[in-house]
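Participant: So that you have it, the file is upload_22.tsv, and it contains TSV, C-alpha atoms:
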chain	number	residue	atom	x	y	z
A	22	MET	CA	0.00	0.00	0.00
A	23	ALA	CA	1.39	3.37	-0.94
A	24	ALA	CA	2.29	5.74	1.90
A	25	ALA	CA	0.06	8.72	2.63
A	26	THR	CA	1.00	11.61	0.37
A	27	ALA	CA	-1.13	14.51	1.53
A	28	THR	CA	-2.26	16.17	4.75
A	29	ALA	CA	-5.78	17.28	5.53
A	30	LEU	CA	-7.05	19.60	2.78
A	31	GLU	CA	-9.45	22.50	3.01
A	32	SER	CA	-13.09	21.60	2.29
A	33	TRP	CA	-14.31	22.51	-1.18
A	34	GLN	CA	-18.01	23.10	-1.85
A	35	ALA	CA	-19.41	21.51	-5.00
A	36	ALA	CA	-21.50	23.59	-7.36
A	37	ALA	CA	-24.42	21.21	-7.03
A	38	PRO	CA	-25.27	19.13	-3.96
A	39	ARG	CA	-24.51	15.48	-4.32
A	40	LYS	CA	-26.53	12.64	-2.95
A	41	ARG	CA	-24.44	10.58	-0.62
A	42	ARG	CA	-24.77	6.92	0.11
A	43	SER	CA	-22.52	4.99	2.41
A	44	ALA	CA	-20.43	2.33	0.76
A	45	ALA	CA	-20.81	-1.16	2.16
A	46	ARG	CA	-17.98	-2.24	4.39
A	47	ARG	CA	-16.71	-5.67	5.16
A	48	PRO	CA	-17.49	-6.95	8.68
A	49	ARG	CA	-14.47	-6.38	10.86
A	50	ARG	CA	-12.89	-9.39	12.40
A	51	ARG	CA	-13.06	-9.83	16.17
A	52	GLU	CA	-10.47	-12.52	16.66
A	53	ALA	CA	-7.69	-12.87	19.13
A	54	ALA	CA	-5.13	-11.92	16.49
A	55	PRO	CA	-4.45	-8.15	16.42
A	56	TRP	CA	-6.48	-6.11	13.96
A	57	GLY	CA	-4.44	-2.94	13.67
A	58	PRO	CA	-5.22	0.28	11.80
A	59	GLU	CA	-3.09	-0.69	8.78
A	60	ALA	CA	-4.93	-3.98	8.18
A	61	GLU	CA	-8.27	-2.27	8.73
A	62	PHE	CA	-7.28	0.48	6.25
A	63	GLU	CA	-6.38	-2.05	3.56
A	64	SER	CA	-9.71	-3.80	4.06
A	65	ASP	CA	-11.53	-0.50	3.52
A	66	SER	CA	-9.48	0.31	0.40
A	67	GLY	CA	-10.29	-3.13	-1.00
A	68	VAL	CA	-14.00	-2.40	-0.58
A	69	VAL	CA	-13.64	0.93	-2.40
A	70	LEU	CA	-11.64	-0.66	-5.23
A	71	ARG	CA	-14.27	-3.37	-5.64
A	72	SER	CA	-17.03	-0.77	-5.81
A	73	ILE	CA	-15.06	1.11	-8.50
A	74	TRP	CA	-14.59	-2.09	-10.48
A	75	GLU	CA	-18.30	-2.87	-10.29
A	76	ALA	CA	-19.20	0.65	-11.38
A	77	GLU	CA	-16.78	0.36	-14.33
A	78	LYS	CA	-18.48	-2.83	-15.50
A	79	ASP	CA	-21.92	-1.25	-15.37
A	80	LEU	CA	-20.81	1.94	-17.10
A	81	PHE	CA	-18.87	0.14	-19.82
A	82	ILE	CA	-21.88	-1.87	-21.04
A	83	SER	CA	-24.33	1.06	-20.77
A	84	ASP	CA	-25.83	2.96	-23.69
A	85	PHE	CA	-24.72	6.16	-21.99
A	86	TRP	CA	-21.01	5.25	-22.25
A	87	SER	CA	-21.16	4.61	-25.99
A	88	SER	CA	-23.24	7.75	-26.60
A	89	ALA	CA	-20.94	9.90	-24.47
A	90	LEU	CA	-17.92	8.59	-26.37
A	91	GLU	CA	-19.52	9.65	-29.63
A	92	THR	CA	-19.96	13.15	-28.24
A	93	ILE	CA	-16.35	13.34	-27.04
A	94	ASN	CA	-15.13	11.79	-30.28
A	95	SER	CA	-16.90	14.47	-32.30
A	96	CYS	CA	-15.18	17.25	-30.37
A	97	LEU	CA	-11.77	15.61	-30.23
A	98	THR	CA	-11.84	14.99	-33.98
A	99	LYS	CA	-12.06	18.72	-34.62
A	100	HIS	CA	-9.67	19.50	-31.77
A	101	LEU	CA	-6.99	17.15	-33.12
A	102	GLU	CA	-7.40	18.55	-36.62
A	103	GLN	CA	-6.83	21.98	-35.13
A	104	LEU	CA	-3.65	20.72	-33.47
A	105	LYS	CA	-2.63	19.24	-36.83
A	106	ALA	CA	-2.38	15.76	-35.36
A	107	PRO	CA	-1.10	13.04	-37.70
A	108	VAL	CA	-3.70	11.37	-39.90
A	109	GLY	CA	-5.05	8.27	-38.23
A	110	SER	CA	-4.26	9.39	-34.72
A	111	LEU	CA	-7.92	9.56	-33.75
A	112	SER	CA	-8.52	5.95	-34.74
A	113	ASP	CA	-5.46	5.00	-32.75
A	114	ILE	CA	-6.79	6.79	-29.70
A	115	PHE	CA	-10.36	5.48	-29.96
A	116	GLY	CA	-9.25	2.06	-31.09
A	117	ASN	CA	-9.81	-0.73	-28.63
A	118	LEU	CA	-11.05	-0.85	-25.08
A	119	HIS	CA	-11.52	-4.34	-23.71
A	120	LEU	CA	-13.45	-5.13	-20.58
A	121	ASP	CA	-10.83	-7.71	-19.67
A	122	SER	CA	-8.48	-4.82	-18.95
A	123	LEU	CA	-10.48	-4.33	-15.77
A	124	PRO	CA	-9.55	-6.46	-12.74
A	125	ASP	CA	-11.40	-9.63	-11.92
A	126	GLU	CA	-13.73	-9.35	-8.96
A	127	SER	CA	-11.60	-11.87	-7.12
A	128	ASP	CA	-8.59	-9.58	-7.51
A	129	VAL	CA	-9.75	-6.56	-5.59
A	130	ALA	CA	-6.79	-6.18	-3.26
A	131	PRO	CA	-5.34	-2.66	-3.50
A	132	ASP	CA	-2.38	-3.72	-5.62
A	133	SER	CA	-4.45	-5.88	-7.98
A	134	ILE	CA	-5.73	-3.07	-10.23
A	135	PRO	CA	-3.09	-2.33	-12.87
A	136	ARG	CA	-1.74	1.19	-12.74
A	137	GLU	CA	-1.43	1.61	-16.49
A	138	THR	CA	-1.17	-0.91	-19.28
A	139	LEU	CA	-1.71	1.17	-22.41
A	140	VAL	CA	0.88	3.20	-24.26
A	141	THR	CA	0.53	6.94	-24.71
A	142	GLY	CA	-1.66	7.98	-27.64
A	143	THR	CA	-0.18	9.95	-30.53
A	144	CYS	CA	-1.95	13.19	-29.49
A	145	HIS	CA	-0.09	13.23	-26.14
A	146	LEU	CA	-3.05	14.67	-24.26
A	147	LYS	CA	-2.73	15.32	-20.56
A	148	CYS	CA	-5.66	15.38	-18.17
A	149	VAL	CA	-6.56	17.41	-15.08
A	150	CYS	CA	-9.54	16.50	-12.91
A	151	TYR	CA	-11.03	18.87	-10.32
A	152	GLY	CA	-13.88	18.34	-7.87
A	153	ILE	CA	-14.64	14.63	-8.24
A	154	GLY	CA	-15.93	14.41	-4.65
A	155	ASN	CA	-15.98	11.63	-2.04
A	156	PHE	CA	-16.12	8.59	-4.31
A	157	ALA	CA	-15.68	6.17	-1.39
A	158	THR	CA	-19.11	7.05	-0.02
A	159	CYS	CA	-20.95	8.89	-2.81
A	160	ILE	CA	-22.27	6.86	-5.75
A	161	ILE	CA	-22.42	9.95	-7.99
A	162	ALA	CA	-18.76	10.77	-7.39
A	163	ARG	CA	-17.80	7.10	-7.85
A	164	ASN	CA	-19.45	6.94	-11.27
A	165	GLN	CA	-17.79	10.17	-12.32
A	166	LEU	CA	-14.43	8.70	-11.32
A	167	THR	CA	-15.04	5.44	-13.20
A	168	PHE	CA	-15.98	7.44	-16.31
A	169	LEU	CA	-12.68	9.28	-16.01
A	170	LEU	CA	-10.70	6.05	-15.67
A	171	LEU	CA	-12.36	4.51	-18.73
A	172	LEU	CA	-11.87	7.73	-20.70
A	173	LEU	CA	-8.16	7.83	-19.85
A	174	GLU	CA	-7.78	4.31	-21.14
A	175	LYS	CA	-9.84	5.00	-24.25
A	176	CYS	CA	-7.73	8.08	-25.06
A	177	GLN	CA	-4.52	6.23	-24.16
A	178	ILE	CA	-3.59	8.87	-21.59
A	179	PRO	CA	-1.33	7.23	-18.98
A	180	ARG	CA	-2.86	7.54	-15.54
A	181	SER	CA	0.36	9.13	-14.32
A	182	HIS	CA	-0.43	11.98	-16.75
A	183	CYS	CA	-3.75	12.67	-15.03
A	184	TRP	CA	-3.69	15.12	-12.11
A	185	VAL	CA	-6.58	14.92	-9.64
A	186	TYR	CA	-7.63	17.24	-6.82
A	187	ASP	CA	-10.51	17.76	-4.45
A	188	PRO	CA	-10.13	19.09	-0.89
A	189	LEU	CA	-12.94	16.73	0.11
A	190	PHE	CA	-10.73	13.67	-0.44
A	191	SER	CA	-10.27	11.56	2.66
A	192	GLN	CA	-6.93	9.92	3.40
A	193	LEU	CA	-8.44	6.61	2.28
A	194	GLU	CA	-9.48	8.12	-1.06
A	195	ILE	CA	-6.03	9.62	-1.63
A	196	GLU	CA	-4.47	6.19	-1.04
A	197	VAL	CA	-6.97	4.55	-3.43
A	198	LEU	CA	-6.17	7.14	-6.12
A	199	ASN	CA	-2.45	6.51	-5.62
A	200	THR	CA	-3.11	2.79	-6.06
A	201	LEU	CA	-5.05	3.47	-9.25
A	202	GLY	CA	-2.00	5.31	-10.57
A	203	VAL	CA	-3.31	8.85	-11.04
A	204	THR	CA	-1.36	11.81	-9.64
A	205	VAL	CA	-3.00	13.46	-6.63
A	206	LEU	CA	-2.24	17.16	-6.30
A	207	SER	CA	-1.29	18.29	-2.82
A	208	GLU	CA	-2.60	21.86	-2.86
A	209	ASN	CA	-5.65	23.82	-3.88
A	210	GLU	CA	-4.89	25.47	-7.23
A	211	GLU	CA	-8.36	27.06	-7.36
A	212	GLY	CA	-8.37	25.99	-11.01
A	213	LYS	CA	-5.52	28.39	-11.81
A	214	ARG	CA	-3.46	25.91	-13.83
A	215	SER	CA	-1.64	26.93	-16.99
A	216	ILE	CA	-1.34	24.20	-19.62
A	217	ARG	CA	2.11	25.56	-20.57
A	218	GLY	CA	1.59	24.81	-24.23
A	219	GLU	CA	0.63	21.15	-23.69
A	220	PRO	CA	-2.73	19.92	-25.06
A	221	THR	CA	-4.84	19.22	-21.99
A	222	MET	CA	-8.28	17.84	-21.26
A	223	PHE	CA	-9.94	19.19	-18.11
A	224	TYR	CA	-12.52	16.95	-16.44
A	225	MET	CA	-14.45	18.99	-13.88
A	226	LEU	CA	-18.07	17.99	-13.38
A	227	HIS	CA	-20.46	19.98	-11.18
A	228	CYS	CA	-17.72	22.39	-10.11
A	229	GLY	CA	-18.18	25.97	-8.95
A	230	THR	CA	-18.43	28.57	-11.71
A	231	ALA	CA	-15.40	30.43	-10.35
A	232	LEU	CA	-13.27	27.35	-11.01
A	233	TYR	CA	-13.97	27.53	-14.76
A	234	ASN	CA	-13.44	31.31	-14.73
A	235	ASN	CA	-10.05	30.85	-13.02
A	236	LEU	CA	-9.02	28.19	-15.51
A	237	LEU	CA	-9.83	30.44	-18.46
A	238	TRP	CA	-7.91	33.34	-16.87
A	239	SER	CA	-4.85	31.14	-16.39
A	240	ASN	CA	-4.87	30.30	-20.11
A	241	TRP	CA	-6.15	33.55	-21.58
A	242	SER	CA	-4.65	33.46	-25.07
A	243	VAL	CA	-5.60	32.06	-28.45
A	244	ASP	CA	-2.71	29.61	-28.36
A	245	ALA	CA	-3.50	28.16	-24.92
A	246	LEU	CA	-7.29	27.96	-25.25
A	247	SER	CA	-7.01	26.30	-28.65
A	248	LYS	CA	-5.11	23.44	-26.97
A	249	MET	CA	-7.77	22.84	-24.30
A	250	VAL	CA	-10.87	20.68	-24.00
A	251	ILE	CA	-13.16	21.12	-20.99
A	252	ILE	CA	-15.62	18.43	-19.93
A	253	GLY	CA	-17.80	20.06	-17.31
A	254	ASN	CA	-20.77	22.30	-16.58
A	255	SER	CA	-22.48	23.62	-19.69
A	256	PHE	CA	-21.33	27.17	-20.46
A	257	LYS	CA	-24.57	27.66	-22.38
A	258	GLY	CA	-26.43	26.64	-19.26
A	259	LEU	CA	-24.49	29.19	-17.21
A	260	GLU	CA	-25.40	31.89	-19.72
A	261	GLU	CA	-29.08	30.94	-19.50
A	262	ARG	CA	-29.19	30.73	-15.68
A	263	LEU	CA	-27.22	33.84	-14.75
A	264	LEU	CA	-28.18	37.42	-15.47
A	265	ALA	CA	-25.84	38.89	-18.09
A	266	ARG	CA	-24.61	41.61	-15.71
A	267	ILE	CA	-23.84	39.03	-12.99
A	268	LEU	CA	-21.96	36.81	-15.45
A	269	GLN	CA	-19.94	39.73	-16.81
A	270	LYS	CA	-19.15	41.15	-13.36
A	271	ASN	CA	-18.37	37.98	-11.40
A	272	TYR	CA	-17.17	35.62	-14.13
A	273	PRO	CA	-15.87	37.88	-16.93
A	274	TYR	CA	-13.71	35.27	-18.64
A	275	ILE	CA	-16.64	32.92	-19.11
A	276	ALA	CA	-18.75	35.80	-20.40
A	277	LYS	CA	-16.05	36.86	-22.89
A	278	ILE	CA	-15.35	33.38	-24.25
A	279	LEU	CA	-18.96	32.36	-25.01
A	280	LYS	CA	-18.59	33.43	-28.65
A	281	GLY	CA	-15.21	31.72	-28.97
A	282	LEU	CA	-16.14	28.12	-28.17
A	283	GLU	CA	-18.11	25.15	-29.41
A	284	GLU	CA	-20.09	22.98	-27.04
A	285	LEU	CA	-21.73	19.57	-27.29
A	286	GLU	CA	-24.02	18.33	-24.54
A	287	PHE	CA	-23.58	14.93	-22.96
A	288	PRO	CA	-26.41	12.48	-23.71
A	289	GLN	CA	-29.01	12.02	-20.98
A	290	THR	CA	-30.18	8.61	-19.85
A	291	SER	CA	-32.34	7.73	-16.85
A	292	GLN	CA	-29.59	5.56	-15.35
A	293	TYR	CA	-27.02	8.38	-15.17
A	294	MET	CA	-29.28	11.45	-15.12
A	295	ASP	CA	-28.13	12.76	-11.71
A	296	ILE	CA	-24.47	12.00	-12.43
A	297	PHE	CA	-23.80	13.73	-15.74
A	298	ASN	CA	-26.61	16.26	-15.92
A	299	ASP	CA	-25.73	19.73	-17.24
A	300	THR	CA	-22.45	18.33	-18.62
A	301	SER	CA	-20.95	19.32	-21.97
A	302	VAL	CA	-17.72	19.01	-23.92
A	303	HIS	CA	-16.20	22.40	-24.78
A	304	TRP	CA	-13.41	23.21	-27.19
A	305	PHE	CA	-12.11	26.46	-28.66
A	306	PRO	CA	-11.73	26.75	-32.46
A	307	VAL	CA	-8.86	29.01	-33.49
A	308	GLN	CA	-11.05	30.69	-36.12
A	309	LYS	CA	-13.57	31.76	-33.49
A	310	LEU	CA	-10.92	32.88	-31.03
A	311	GLU	CA	-9.20	35.04	-33.63
A	312	GLN	CA	-12.50	36.75	-34.46
A	313	LEU	CA	-12.83	38.09	-30.91
A	314	SER	CA	-11.82	41.72	-30.43
A	315	THR	CA	-8.28	42.53	-29.32
A	316	ASP	CA	-9.72	44.31	-26.25
A	317	ILE	CA	-10.90	40.97	-24.95
A	318	TRP	CA	-7.38	39.55	-24.88
A	319	GLU	CA	-5.87	42.68	-23.35
A	320	PHE	CA	-8.04	42.32	-20.25
A	321	GLN	CA	-6.14	39.91	-18.00
A	322	GLU	CA	-6.91	40.90	-14.42
A	323	GLU	CA	-6.81	38.03	-11.93
A	324	PRO	CA	-10.30	37.25	-10.57
A	325	ASP	CA	-10.79	38.16	-6.91
A	326	TYR	CA	-14.56	37.62	-6.32
A	327	GLN	CA	-14.68	40.18	-3.48
A	328	ASP	CA	-18.26	41.15	-4.30
A	329	CYS	CA	-19.39	37.69	-5.38
A	330	GLU	CA	-21.95	35.94	-3.20
A	331	ASP	CA	-22.30	32.16	-3.11
A	332	LEU	CA	-18.86	31.61	-4.65
A	333	GLU	CA	-19.23	27.80	-4.62
A	334	ILE	CA	-15.52	27.17	-4.07
A	335	ILE	CA	-13.18	27.53	-1.11
A	336	ARG	CA	-10.24	29.87	-1.56
A	337	ASN	CA	-6.70	28.73	-0.92
A	338	LYS	CA	-6.05	30.11	2.56
A	339	THR	CA	-2.29	29.79	2.15
A	340	GLU	CA	-2.55	32.47	-0.53
A	341	ASP	CA	-5.58	34.39	0.77
A	342	PRO	CA	-5.62	34.53	4.59
A	343	SER	CA	-8.74	36.70	4.54
A	344	ALA	CA	-10.78	34.08	2.70
A	345	THR	CA	-13.60	32.47	4.62
A	346	ASP	CA	-15.49	29.23	4.21
Could I get this file's structure written as structure tokens?
Facilitator:
Amino acid sequence: MAAATATALESWQAAAPRKRRSAARRPRRREAAPWGPEAEFESDSGVVLRSIWEAEKDLFISDFWSSALETINSCLTKHLEQLKAPVGSLSDIFGNLHLDSLPDESDVAPDSIPRETLVTGTCHLKCVCYGIGNFATCIIARNQLTFLLLLLEKCQIPRSHCWVYDPLFSQLEIEVLNTLGVTVLSENEEGKRSIRGEPTMFYMLHCGTALYNNLLWSNWSVDALSKMVIIGNSFKGLEERLLARILQKNYPYIAKILKGLEELEFPQTSQYMDIFNDTSVHWFPVQKLEQLSTDIWEFQEEPDYQDCEDLEIIRNKTEDPSATD
């Protein structure tokens, strides 16, 4: 079992409340032999890994998974063409995904799930995931995590090239993520991550609006945005729900980029309605970005949200001591 890699993190409020359901736990032994914290911890992680494996099986054979892949495929096709990816790279990426790549139910010990077995795809995408939630106890968060794991494999993105963060993670969940092979970030970036010229897919479902605004600010240029794909809350939905003056005042980068993106909604099925509702794939065509006025790109003030009520995220107190929960 990997050693603990992070201390307690600040709580992070999700944009939408999530239904929580306790995961089943194995009965704890009451024998004369010692049952220490380490053995108990491994038992709990085995339960979580089994629940992830079971969720992967259900998702993989669902109509929603195949329909969602078609949606992502449609966007990535255009995105890769924009990046001038080699011909045939898309078929290489969305080539084969076999259910036997998942662990057998009898092999649910923490070390039994392979960290990564596929080679990197030719597009060399990286992935960043924010706000996945408490997947050990919440079925919604667990299904969002299993979708991410299947998508990484489908896109041939090594799990070590996927960075994950949520201040809600328990120590158990951090250890499970380490076992799965993804990279757990140790500090709250508030979404302010620059892609540094590397094509990156952001997976951030049901996150606070400020998180998307911060991400756009951190990559506010034609070159950077054209290399990004965001799977998360529908920007069209945000435009419809928020008054224009509120959107422009509190989340100016979202407001300014609405005419510079393309968006495809995730399919909706009854089985996964509460899990992937209001979710879309967003990408930023160079032609649309270049048509925006130069004034838009000159405005690059860092968001501060001083007058924003119901911010929906927790600020990084190490950087902003005045921030409150």
Participant: What separation in Å, quoted to one decimal, exists between CA of Tyr233 in chain A and CA of Asn94 in chain A?
Facilitator: 22.1 Å
Participant: Rounded to one decimal, what separation in Å do you get between CA of Gln312 in chain A and CA of Tyr274 in chain A?
Facilitator: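 Going from CA of Gln312 in chain A over to CA of Tyr274 in chain A covers 15.9 Å.
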Participant: Would you please work out which residue, of A:Met222, A:Val197, A:Leu90, A:Leu189, is nearest to His145 in chain A when using only C-alpha atoms?
Facilitator: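 Looking only at the distances to His145 in chain A, the closest residue turns out to be A:Met222.
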Participant: List the spatial neighbours of Ser95 in chain A as an MDAnalysis selection string - criterion: any atom at most 10 Å away, all atoms listed in the file, same-chain residues fewer than 5 positions off excluded.
Facilitator: chainID A and resid 89:90 100 285 302
Participant: Grab the CA of Leu104 in chain A to CA of Gly253 in chain A distance for me, in Å with one decimal place.
Facilitator: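 Between these atoms lies a distance of 21.5 Å.
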Participant: Please determine, counting all atoms listed in the file, which residue among A:Gly152, A:Leu201, A:Ala76, A:Phe168 has the shortest atom-to-atom distance to Arg180 in chain A.
Facilitator: A:Leu201
Participant: Here is a test: counting only C-alpha atoms, which residue of A:Leu226, A:Cys159, A:Leu279, A:Val250 is nearest to Thr98 in chain A?
Facilitator: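 Among the listed residues, A:Val250 lies closest to Thr98 in chain A.
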Participant: Give me, as a list in words, all polymer residues having an atom no more than 12 Å from Lys270 in chain A, counting only C-alpha atoms and skipping those fewer than 2 positions away in the same chain.
Facilitator: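 Listing them by chain and then by number gives Ala231, Asn234, Leu263, Leu264, Ala265, Arg266, Ile267, Leu268, Tyr272, Pro273, Tyr274, Ile275, Ala276, Lys277, Pro324, Asp325, Tyr326, Gln327, Asp328, Cys329 and Glu330 of chain A.
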Participant: Fewer than 5 positions away in the same chain doesn't count, so skip those; otherwise give me all residues within 8 Å of Val205 in chain A, counting all atoms listed in the file, as JSON, numbers by chain.
Facilitator: {"A": [184, 185, 186, 195, 198, 199]}
Participant: Find the spatial neighbours of Glu323 in chain A, counting all atoms listed in the file, within a cut-off of 9 Å - ignore same-chain residues fewer than 3 positions away - and output them as a list in words.
Facilitator: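 Selected residues are Asn235, Trp238 and Ser239 of chain A.
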Participant: Quick one: everything within 7 Å of His303 in chain A, counting all atoms listed in the file, minus sequence neighbours fewer than 4 positions away in the same chain. Send it as a PyMOL selection string.
Facilitator: chain A and resi 250-252+282-285
Participant: Can you work out which one of A:Gln165, A:Ser215, A:Ser291, A:Ser255 has the shortest atom-to-atom distance to Leu236 in chain A, counting all atoms listed in the file?
Facilitator: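 Checking each candidate against Leu236 in chain A, we get A:Ser215 as the closest.
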Participant: Place a sphere of radius 9 Å on (-2.1, 10.9, -15.0) in the file coordinates and name every protein, DNA or RNA residue with an atom inside or on its surface, counting all atoms listed in the file; give the answer as a VMD selection string.
Facilitator: chain A and resid 147 to 149 173 178 to 185 202 to 205
Participant: Pick out the closest residue to Asp65 in chain A from this set: A:Asp295, A:Glu208, A:Leu193, A:Leu101. Count all atoms listed in the file.
Facilitator: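 Distance minimum relative to Asp65 in chain A lands on A:Leu193.
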Participant: I'd like to know which of A:Trp318, A:Ile73, A:Leu313, A:Val307 is closest to Ile161 in chain A, using only C-alpha atoms.
Facilitator: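 Once distances to Ile161 in chain A are computed over only C-alpha atoms, the minimum belongs to A:Ile73.
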